[in-house]
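In what follows, a single structure is set out as structure tokens and then discussed.
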There are 4 protein chains.
Amino acid sequence: MDNSNQNRPRLRDMGVKIGVMPTGESNSICDLPGLKVGHVTLIKGDGALIRGEGPVRTGVTAIVPVDDMSPYNKLPAAVDVINGFGKSVGLMQITELGEIETPILLTNTLNVGKVSQHLVEWVTERHPKVMSVNPVVMECNDGSLNDVQGMHVGREHVFDALKRAGKDTSEGCVGAGMGMRSFGFKSGIGTASRKVKCDEKTYTLGAIVLNNMGGTGDLRIDGVPIGKILAEGRWKDEPPGSIIMIIGTDAPLIPLGLRRVARRASFGLARTGGMASHGSGDIALAFSTTPLMSAPVEDIKNAAGRINDFFRACIESVEEAIVNSLLRAHRVVGRDGNTADAIPVDIVADLLRK
Amino acid sequence: MDNSNQNRPRLRDMGVKIGVMPTGESNSICDLPGLKVGHVTLIKGDGALIRGEGPVRTGVTAIVPVDDMSPYNKLPAAVDVINGFGKSVGLMQITELGEIETPILLTNTLNVGKVSQHLVEWVTERHPKVMSVNPVVMECNDGSLNDVQGMHVGREHVFDALKRAGKDTSEGCVGAGMGMRSFGFKSGIGTASRKVKCDEKTYTLGAIVLNNMGGTGDLRIDGVPIGKILAEGRWKDEPPGSIIMIIGTDAPLIPLGLRRVARRASFGLARTGGMASHGSGDIALAFSTTPLMSAPVEDIKNAAGRINDFFRACIESVEEAIVNSLLRAHRVVGRDGNTADAIPVDIVADLLRK
Amino acid sequence: MDNSNQNRPRLRDMGVKIGVMPTGESNSICDLPGLKVGHVTLIKGDGALIRGEGPVRTGVTAIVPVDDMSPYNKLPAAVDVINGFGKSVGLMQITELGEIETPILLTNTLNVGKVSQHLVEWVTERHPKVMSVNPVVMECNDGSLNDVQGMHVGREHVFDALKRAGKDTSEGCVGAGMGMRSFGFKSGIGTASRKVKCDEKTYTLGAIVLNNMGGTGDLRIDGVPIGKILAEGRWKDEPPGSIIMIIGTDAPLIPLGLRRVARRASFGLARTGGMASHGSGDIALAFSTTPLMSAPVEDIKNAAGRINDFFRACIESVEEAIVNSLLRAHRVVGRDGNTADAIPVDIVADLLRK
Amino acid sequence: MDNSNQNRPRLRDMGVKIGVMPTGESNSICDLPGLKVGHVTLIKGDGALIRGEGPVRTGVTAIVPVDDMSPYNKLPAAVDVINGFGKSVGLMQITELGEIETPILLTNTLNVGKVSQHLVEWVTERHPKVMSVNPVVMECNDGSLNDVQGMHVGREHVFDALKRAGKDTSEGCVGAGMGMRSFGFKSGIGTASRKVKCDEKTYTLGAIVLNNMGGTGDLRIDGVPIGKILAEGRWKDEPPGSIIMIIGTDAPLIPLGLRRVARRASFGLARTGGMASHGSGDIALAFSTTPLMSAPVEDIKNAAGRINDFFRACIESVEEAIVNSLLRAHRVVGRDGNTADAIPVDIVADLLRK
């Protein structure tokens with residue numbers, strides 16, 4: 001297996017800019033001050049699927065908005081469910097209270113129960129008096145490459161992903177992205193960010209996606225119908241797939257504002273050719289790293305007054321993150337020899353130039 | 001510990017009828033043809049709390065609408081989130097698709113992750129080709145009596161509850177109800193049902209509740225302010241608590257109709273004195289045991305035409321089920337000697353007579 | 001016609017207190033500093049209905065949270081649609097932005113279009129550069145007493161109601177309440193309020209309702225099943241009816257908090273015997289007179305920390321306002337001789353004493 | 001003024017096909033059997049704005065899904081509010097009941113009250129016993145070209161639009177589209193349709209849009225960034241604008257299915273460069289011309305089984321309808337000499353060829 005995804009280019013490396021807004025320094029969700037990302041990637045075995053043994057092509061990704069999130073340390077958040085054929089947990093309480101109280105974990109569909117249990121353990125071990133905690137665990141289904149029924153992500157992987165979390169801007173076949181496919185190619189994790197000016201202040205908005213959706217023919221990169229050309233001879237019946245889109249900002253938005261930002265993630269998704277098909281769990285979660293009411297009132301007014309700029313930053317970041325999740329992912333052979341090819345960078349570059 | 005809850009009276013045994021509609025034969029959700037309920041109750045240890053050891057006062061309850069529920073065998077369903085400070089899983093997909101595809105499990109707050117994992121195992125072991133399944137697991141927090149951080153409900157308990165499921169009309173300290181409290185007294189599981197006539201046909205609507213909410217002073221039974229009198233000298237600062245209300249019917253309602261029925265569960269809740277306090281996870285889930293589109297068109301029209309009767313049946317059943325969950329629950333001493341007294345039946349009967 | 005509704009007693013005059021919280025000075029929504037209410041009541045003709053002529057038994061009620069509301073002067077707000085079989089306008093934008101920008105007008109079902117047009121005129125005449133305004137007009141159907149198809153509320157009535165607005169605590173057959181019925185009796189406008197202590201500060205929450213719902217047998221006053229006794233010999237087939245519940249507070253709540261408060265209005269409704277029947281438009285709208293972000297941060301934190309007290313204040317105020325809307329309404333004979341009797345105060349008082 | 005919009009090309013006339021699905025015969029919502037569209041276009045005066053006099057550049061468009069819609073003749077329907085900064089009426093009841101009971105009227109923002117009143121009159125004059133009717137009137141703001149405060153659409157225009165309704169596939173500056181602008185150019189009404197095969201049957205899905213949104217630089221036609229090139233030298237500060245997207249199908253979908261179809265309208269919108277900006281009222285309404293439960297059960301199953309094809313049909317139809325609304329609209333000079341140029345067809349054609 002070729003593990004070279006970190007040498008593959010991002011979209012900007014190919015000379016293509018999505019939208020008009022300036023990116024953050026690393027053009028990733030890690031541009032948010034204090035925010036950390038951690039991946040644990042699990043690869044084991046080859047050949048025929050034996051339930052509970054493998055082959056394993058999966059993982060877990062932790063997004064830690066600020067240090068030591070807990071029911072004592074909450075952040076404003078909101079959710080937009082684009083298509084709810086999914087198994088993510090924790091969203092109901094976010095909608096009710098407008099808050100998250102744990103890091104956000106990404107993993108595979110059937111592993112959500114175990115991972116959420118271990119996230120609860122992680123919180124309650126740090127805070128022994130906590131008797132109620134709302135774990136946020138989101139998922140896509142890597143069952144075409146991975147022994148998904150095996151639930152291979154365990155306690156140690158959850159704790160490791162949280163421990164390792166740092167300014168990790170990896171993309172492609174890392175963490176929860178290990179077993180994902182999109183538009184007929186290998187995909188996984190992708191990220192991007194934008195700067196938003198509000199009078200004197202400049203805020204950051206970043207997106208990180210776990211991308212597992214789309215049929216080949218539908219793929220568009222910056223509007224160019226790449227998929228139509230690449231679709232010749234590829235798998236016809238794509239599994240429906242899903243996408244998780246996490247959007248973070250350090251702007252002091254209230255939950256209602258974050259809900260409106262989250263709604264725009266689907267606009268970035270649509271521009272890549274995604275259509276939120278029947279069987280997909282397409283969900284956007286937006287949070288602010290500024291606790292509600294901790295910001296000066298003037299800041300909140302300014303951030304709200306420029307909400308359109310946050311909408312646009314969200315759309316651009318999501319669209320670019322999705323493309324990055326494809327470009328950066330290398331070829332993977334999984335269970336039963338199922339193979340997901342990397343998207344051919346040379347051909348794509350050539351098409352984009354025209 | 002006194003295990004005599006099955007000898008305690010239900011509300012009807014005390015001569016009080018909630019509402020005006022006729023009950024089903026057993027006045028329980030088990031009146032629905034084919035529906036089964038199974039409880040596994042866990043009691044272990046006494047004295048000081050040792051995390052992971054006990055004392056254990058918890059359990060799991062399975063509601064099996066029809067045999068062998070799976071992604072191949074779905075039923076129409078809908079959800080109403082009254083107050084979403086809760087950790088129930090599976091609700092997003094129900095809202096999107098208007099369907100449930102697994103039995104509904106009830107357990108404690110921090111055990112949801114494990115129980116949902118085991119429910120997924122239960123389905124995938126029966127249907128090895130299933131790669132996506134939406135487990136529905138709902139919860140209240142029994143942490144005042146139980147070692148809730150210990151997550152004592154495991155695979156064998158989940159599988160047992162599903163295996164044992166039958167026409168079990170137990171109430172009070174059974175299954176997930178073992179560690180619950182309400183209005184300052186011990187509570188747990190309660191159930192009730194109503195018959196709904198639609199022209200020639202008679203349908204059944206039943207409710208089963210996992211009741212863990214309410215401050216003593218607020219309790220009303222059939223409108224009588226029982227709680228005001230009982231409140232003297234009782235715990236002042238009740239934990240906020242939660243309530244799960246499951247409503248089933250054999251009438252052929254579409255998801256939109258079921259959503260409207262579910263919305264009325266909160267009316268039954270309100271009449272007992274419940275107020276869906278800030279920290280509560282108050283959720284109603286309604287399902288039909290008649291698969292969408294399997295009923296003759298005339299039936300569906302008739303059921304919809306009488307939707308008001310289903311609204312009323314829901315309100316009456318939920319109100320009565322909540323009261324039953326209190327009346328039938330015996331005194332329990334839990335972790336750290338925390339004690340939940342049974343509601344005093346004699347005093348209540350006396351007050352209701354006046 | 002007996003116009004003596006202002007001599008009829010309120011519930012407190014009969015010695016009955018709903019709930020446990022202290023009322024505001026006038027026990028009405030007018031206890032909110034700055035808030036004004038104005039009614040225009042239309043009564044014309046008798047006898048057989050002639051479409052467009054009468055008899056007229058209708059009106060319009062204006063609730064003006066603060067002076068000169070306009071798109072330049074918005075307040076935080078939220079909506080809970082309990083049963084959406086209704087024609088109220090303006091709710092979508094409230095849900096999106098969490099704001100109201102006009103006074104709230106109440107009128108009859110078929111008059112909403114005209115009244116909303118005139119409300120737009122009222123705003124744009126004061127603010128000629130405004131090219132977009134979101135009128136909030138809510139309604140119940142007074143068609144059993146009034147020539148509802150005649151749309152008798154016109155521009156002058158809308159402007160008058162807004163002009164007259166003051167500390168008007170009238171109840172019963174006033175304004176939009178003129179033609180309404182509830183639980184088989186004449187009803188109309190009702191109001192009540194509660195004080196909420198948050199540390200050093202005391203806030204007010206008030207409710208005003210336009211009550212047109214309920215079948216006689218279901219009525220409960222403070223839990224007492226008054227309706228069962230009064231139901232003998234009364235109209236069997238009540239029209240389904242509707243209720244509009246407006247909740248205002250001066251506490252600095254964000255829209256998400258107001259949405260949660262609005263959700264509790266249905267708990268007050270349920271306690272009176274209301275069931276949000278199929279054909280009803282049952283809607284709660286909550287607003288704060290404190291502009292978002294204008295309050296000191298500490299105030300907002302405290303108000304949020306005591307959200308349960310606002311929940312309770314909402315439930316109690318709504319329940320009491322509904323009862324007041326009945327008690328205070330006198331007998332009315334309307335179109336085609338249709339008659340709505342006043343609820344018999346003596347009998348009710350007698351029943352409540354027992 | 002150049003009234004030649006009917007001579008301007010549609011997108012297909014320029015050789016560009018959106019998506020992969022076959023269109024209906026006229027590639028318009030009129031391909032739905034029985035469905036009719038009627039426009040009344042109002043043009044009066046020139047020069048400086050005099051409130052209430054003009055210049056008038058507005059109108060009303062009626063979409064009549066089937067003949068004689070009324071509370072006795074309802075159709076399944078659902079709504080998706082993308083951004084709710086809008087004044088459309090009737091949506092709450094659609095969400096509650098999953099039904100429409102009147103034709104759908106489109107007009108300008110401040111005229112909604114009057115138009116809804118006249119729609120109520122139109123229904124009640126046909127059905128004198130109707131005492132409750134839910135008018136559906138949707139809007140965009142034509143205030144940059146039109147005397148929007150003048151509310152020039154009156155009773156006769158509403159009745160005329162409904163009377164004239166037929167297989168009218170006009171686009172551009174017709175009906176409610178008269179005063180609309182989009183992406184910095186004149187726009188208005190646009191439409192498109194797709195055929196959906198379900199086993200033996202072929203259904204139609206059509207979209208008609210009232211398009212008033214978008215900044216020039218964002219416009220994309222079939223992915224080509226036309227707007228970037230055209231943006232040079234054009235108005236910088238576009239008003240935020242809005243879009244109404246009506247989707248009809250003859251497939252027997254239940255309201256839940258229609259809600260999911262409506263959700264995909266925003267995907268078509270996103271692909272044109274729309275971003276649902278803060279100040280826009282972006283709303284999708286989907287309906288079926290097949291009454292709920294009138295279709296054979298097998299049909300409903302098949303239509304639901306192919307829901308993805310309806311998702312795609314919706315996305316493609318909306319994207320193409322939006323482009324048509326631009327291409328077909330001629331230059332209009334409005335109030336105060338404000339001018340909206342037609343999009344330059346030759347330049348666009350040239351850019352699309354490359």
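Note on naming: chains are A, B, ... as they come in the structure tokens, residues start from 1 per chain, ligands start from 1 in the order shown.
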Would you write out, as a Markdown table, a table of all residues in chain C that have an atom no more than 10 Å from an atom of chain B, listing for each the closest atom pair and the distance in Å to one decimal, considering only C-alpha atoms and ordering rows by chain and rising residue number?
```
| residue | atom | partner | partner_atom | distance |
| --- | --- | --- | --- | --- |
| C:Gly19 | CA | B:Asp218 | CA | 8.7 |
| C:Val20 | CA | B:Gly217 | CA | 9.6 |
| C:Ile82 | CA | B:Arg263 | CA | 7.7 |
| C:Asn83 | CA | B:Arg260 | CA | 8.0 |
| C:Gly217 | CA | B:Val20 | CA | 9.6 |
| C:Asp218 | CA | B:Gly19 | CA | 8.7 |
| C:Arg220 | CA | B:Gly223 | CA | 7.8 |
| C:Ile221 | CA | B:Gly223 | CA | 9.0 |
| C:Asp222 | CA | B:Gly223 | CA | 7.5 |
| C:Gly223 | CA | B:Gly223 | CA | 3.9 |
| C:Val224 | CA | B:Gly223 | CA | 6.0 |
| C:Pro225 | CA | B:Gly223 | CA | 7.4 |
| C:Pro240 | CA | B:Asn308 | CA | 9.6 |
| C:Arg260 | CA | B:Asn83 | CA | 8.0 |
| C:Val261 | CA | B:His278 | CA | 9.9 |
| C:Arg263 | CA | B:Ile82 | CA | 7.7 |
| C:Arg264 | CA | B:Met275 | CA | 7.2 |
| C:Ser266 | CA | B:Phe267 | CA | 7.3 |
| C:Phe267 | CA | B:Ala270 | CA | 5.1 |
| C:Gly268 | CA | B:Ala270 | CA | 7.6 |
| C:Leu269 | CA | B:Phe267 | CA | 8.2 |
| C:Ala270 | CA | B:Phe267 | CA | 5.1 |
| C:Arg271 | CA | B:Arg271 | CA | 5.3 |
| C:Thr272 | CA | B:Arg271 | CA | 8.7 |
| C:Gly273 | CA | B:Arg271 | CA | 8.4 |
| C:Gly274 | CA | B:Phe267 | CA | 8.3 |
| C:Met275 | CA | B:Phe267 | CA | 6.8 |
| C:Ala276 | CA | B:Arg264 | CA | 7.8 |
| C:Ser277 | CA | B:Asn308 | CA | 5.8 |
| C:His278 | CA | B:Asn308 | CA | 5.7 |
| C:Gly279 | CA | B:Asn308 | CA | 8.8 |
| C:Ala304 | CA | B:His278 | CA | 9.9 |
| C:Gly305 | CA | B:His278 | CA | 9.4 |
| C:Arg306 | CA | B:His278 | CA | 9.0 |
| C:Ile307 | CA | B:His278 | CA | 6.8 |
| C:Asn308 | CA | B:His278 | CA | 5.7 |
| C:Asp309 | CA | B:Ser277 | CA | 9.1 |
| C:Phe311 | CA | B:Ser277 | CA | 7.3 |
| C:Arg312 | CA | B:Met275 | CA | 7.2 |
| C:Ile315 | CA | B:Met275 | CA | 7.9 |
| C:Lys354 | CA | B:Lys354 | CA | 9.2 |
```
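From atom CA of A:Glu320 back to atom CA of A:Ile104, the distance works out to 20.9 Å.
Atom CA of D:Glu316 is found 15.3 Å from atom CA of D:Asp31.
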DSSP alpha helix (DSSP H) residues within stretch 4-239 of chain A, listed as an NGL selection string: :A and (91-97 or 112-126 or 155-164 or 226-230)
Give me the residues near D:Gly98 as number ranges by chain, where near means some atom within 12 Å (using only C-alpha atoms) and where sequence neighbours in that chain fewer than 2 positions away do not count. B: 254-257, 259-260; C: 84-85; D: 74-79, 90-96, 100-101, 253-259, 285-288, 291-292
Need the shell around A:Pro103: protein/DNA/RNA residues with any atom at most 8 Å away, counting only C-alpha atoms. Skip same-chain ones fewer than 4 positions apart. Format as a list in words? Ala62, Ile63, Val64, Pro65, Met69, Pro135 and Val136 of chain A
Since we have the selection now, will you write its residues out, keeping N, CA and C atoms, as an mmCIF file, in the first residue's frame?
```cif
data_model
loop_
_atom_site.group_PDB
_atom_site.id
_atom_site.type_symbol
_atom_site.label_atom_id
_atom_site.label_comp_id
_atom_site.auth_asym_id
_atom_site.auth_seq_id
_atom_site.Cartn_x
_atom_site.Cartn_y
_atom_site.Cartn_z
ATOM 1 N N ALA A 62 -10.008 13.128 16.055
ATOM 2 C CA ALA A 62 -10.504 14.004 17.126
ATOM 3 C C ALA A 62 -10.301 15.457 16.731
ATOM 4 N N ILE A 63 -11.371 16.236 16.838
ATOM 5 C CA ILE A 63 -11.270 17.688 16.674
ATOM 6 C C ILE A 63 -11.529 18.302 18.050
ATOM 7 N N VAL A 64 -10.509 18.957 18.577
ATOM 8 C CA VAL A 64 -10.573 19.507 19.934
ATOM 9 C C VAL A 64 -10.575 21.028 19.816
ATOM 10 N N PRO A 65 -11.755 21.638 19.894
ATOM 11 C CA PRO A 65 -11.858 23.095 19.648
ATOM 12 C C PRO A 65 -11.023 23.919 20.626
ATOM 13 N N MET A 69 -12.305 20.276 26.977
ATOM 14 C CA MET A 69 -13.747 20.482 26.848
ATOM 15 C C MET A 69 -14.476 19.516 27.774
ATOM 16 N N PRO A 135 -21.618 13.178 24.410
ATOM 17 C CA PRO A 135 -20.538 12.916 23.460
ATOM 18 C C PRO A 135 -20.982 13.220 22.042
ATOM 19 N N VAL A 136 -20.118 13.867 21.281
ATOM 20 C CA VAL A 136 -20.419 14.138 19.870
ATOM 21 C C VAL A 136 -19.523 13.263 19.007
#
```
Excluding A:Asp250 and its own-chain neighbours fewer than 5 positions away, which residues fall within 8 Å of it when counting only C-alpha atoms? Please give them as a PyMOL selection string. chain A and resi 32-33+203-205+288-290
Report, in Å to a single decimal, how far apart atom CA of C:Lys163 and atom CA of C:Trp122 are. 10.5 Å
Neighbouring residues of B:Pro22 were defined as those with any atom within 9 Å, considering only C-alpha atoms; residues of the same chain fewer than 3 positions away were excluded. Please report them as a ChimeraX atom specification. /B:19,193-196
